[in-house]
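Participant: For reference, the structure I am asking about is given below.
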Amino acid sequence: MAQAKRLYVQKAKELTDLRAETLKIIRGERKLSAELLNSLVSETEAQAAAEEQNLKKAQAELDQLLASNAAVEKEYNQILSWADLYDQATFDAKKMIVSQLIRAVYVRRDYEVEIDFNISFDEELWQ
C-alpha cells in the first residue's frame, strides 16, 4: 500500500514537472523538441494512471483485510466470552456445556482417544 502510494505520488510529480517544462517551451524560455516533450507527457500520464489504479487496488485489498480482521476479532471476543462463562460455571453447568460441544468420545486400546465434536475446527474458518 505504501509503495503503491509512493509510486503514484512520484508519477504525479513527474507529470506536473513535464507540464511545467512544456509551458517554458511554449513561452520560449527553454529549447527542446516539443514532440519529445509531448511523448514524455503522454507516457507519464499513462504511467500515472496505471499507478493510480494500483493504488486503488491496494486500498481495496486493505479495506477487505480490515473487514476480515474485524470479523475474526468479533469471533475471538465471542470465544473469550464463552471461555469466561465456562470458567465461572458450576460443575453441572460445565458438564452440560461440554455435552453440547461433544457428540461422542471413543476410547480404544492403549488409551487411544477420539473425540467427535458437534462444531467444526476447519482451518478455513481461522484464516
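In the C-alpha cells, chains take the letters A, B, ... in the order shown, each chain's residues start at 1, and ligands count up from 1 in the order shown.
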Go through chain A and collect every residue that DSSP, computed from the backbone, puts in alpha helix (DSSP H); the answer should be as a PyMOL selection string.
Facilitator: chain A and resi 2-27+34-88+91-101
Participant: Quick one: pull the distance between atom CA of Thr16 of chain A and atom CA of Ser39 of chain A, Å, one decimal.
Facilitator: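 Separation between atom CA of Thr16 of chain A and atom CA of Ser39 of chain A: 14.4 Å.
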Participant: How would you write, as a ChimeraX atom specification, the set of residues in chain A that DSSP gives as strand (DSSP E)?
Facilitator: /A:102-108,112-117
Participant: Counting only C-alpha atoms, which residue out of A:Asp87, A:Glu73, A:Glu61, A:Glu112 sits closest to Met1 of chain A?
Facilitator: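 Closest residue, counting only C-alpha atoms: A:Glu61.
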Participant: Taking only residues of segment 38-74 of chain A that have an atom at most 12 Å from an atom of segment 20-23 of chain A, what is each one's shortest atom pair and its distance in Å to one decimal, using only C-alpha atoms, in chain and number order, as a Markdown table?
Facilitator:
```
| residue | atom | partner | partner_atom | distance |
| --- | --- | --- | --- | --- |
| A:Asn38 | CA | A:Thr22 | CA | 8.0 |
| A:Ser39 | CA | A:Thr22 | CA | 11.3 |
| A:Leu40 | CA | A:Thr22 | CA | 10.3 |
| A:Val41 | CA | A:Thr22 | CA | 8.8 |
```
Participant: Take the residues from that selection and put them in a file with C-alpha atoms, as a PDB file, in the first residue's frame.
Facilitator:
```
ATOM      1  CA  ASN A  38       4.684  15.586 -25.739  1.00  0.00           C
ATOM      2  CA  SER A  39       5.647  11.919 -25.929  1.00  0.00           C
ATOM      3  CA  LEU A  40       7.136  12.124 -22.432  1.00  0.00           C
ATOM      4  CA  VAL A  41       3.951  13.750 -21.127  1.00  0.00           C
TER       5      VAL A  41
END
```
Participant: Could you tell me how far atom CA of Val113 of chain A sits from atom CA of Asp92 of chain A, in Å to one decimal place?
Facilitator: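 Distance between the two atoms: 23.2 Å.
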Participant: Between atom CA of Ala71 of chain A and atom CA of Ile102 of chain A, what is the spacing in Å?
Facilitator: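 Between these atoms lies a distance of 25.3 Å.
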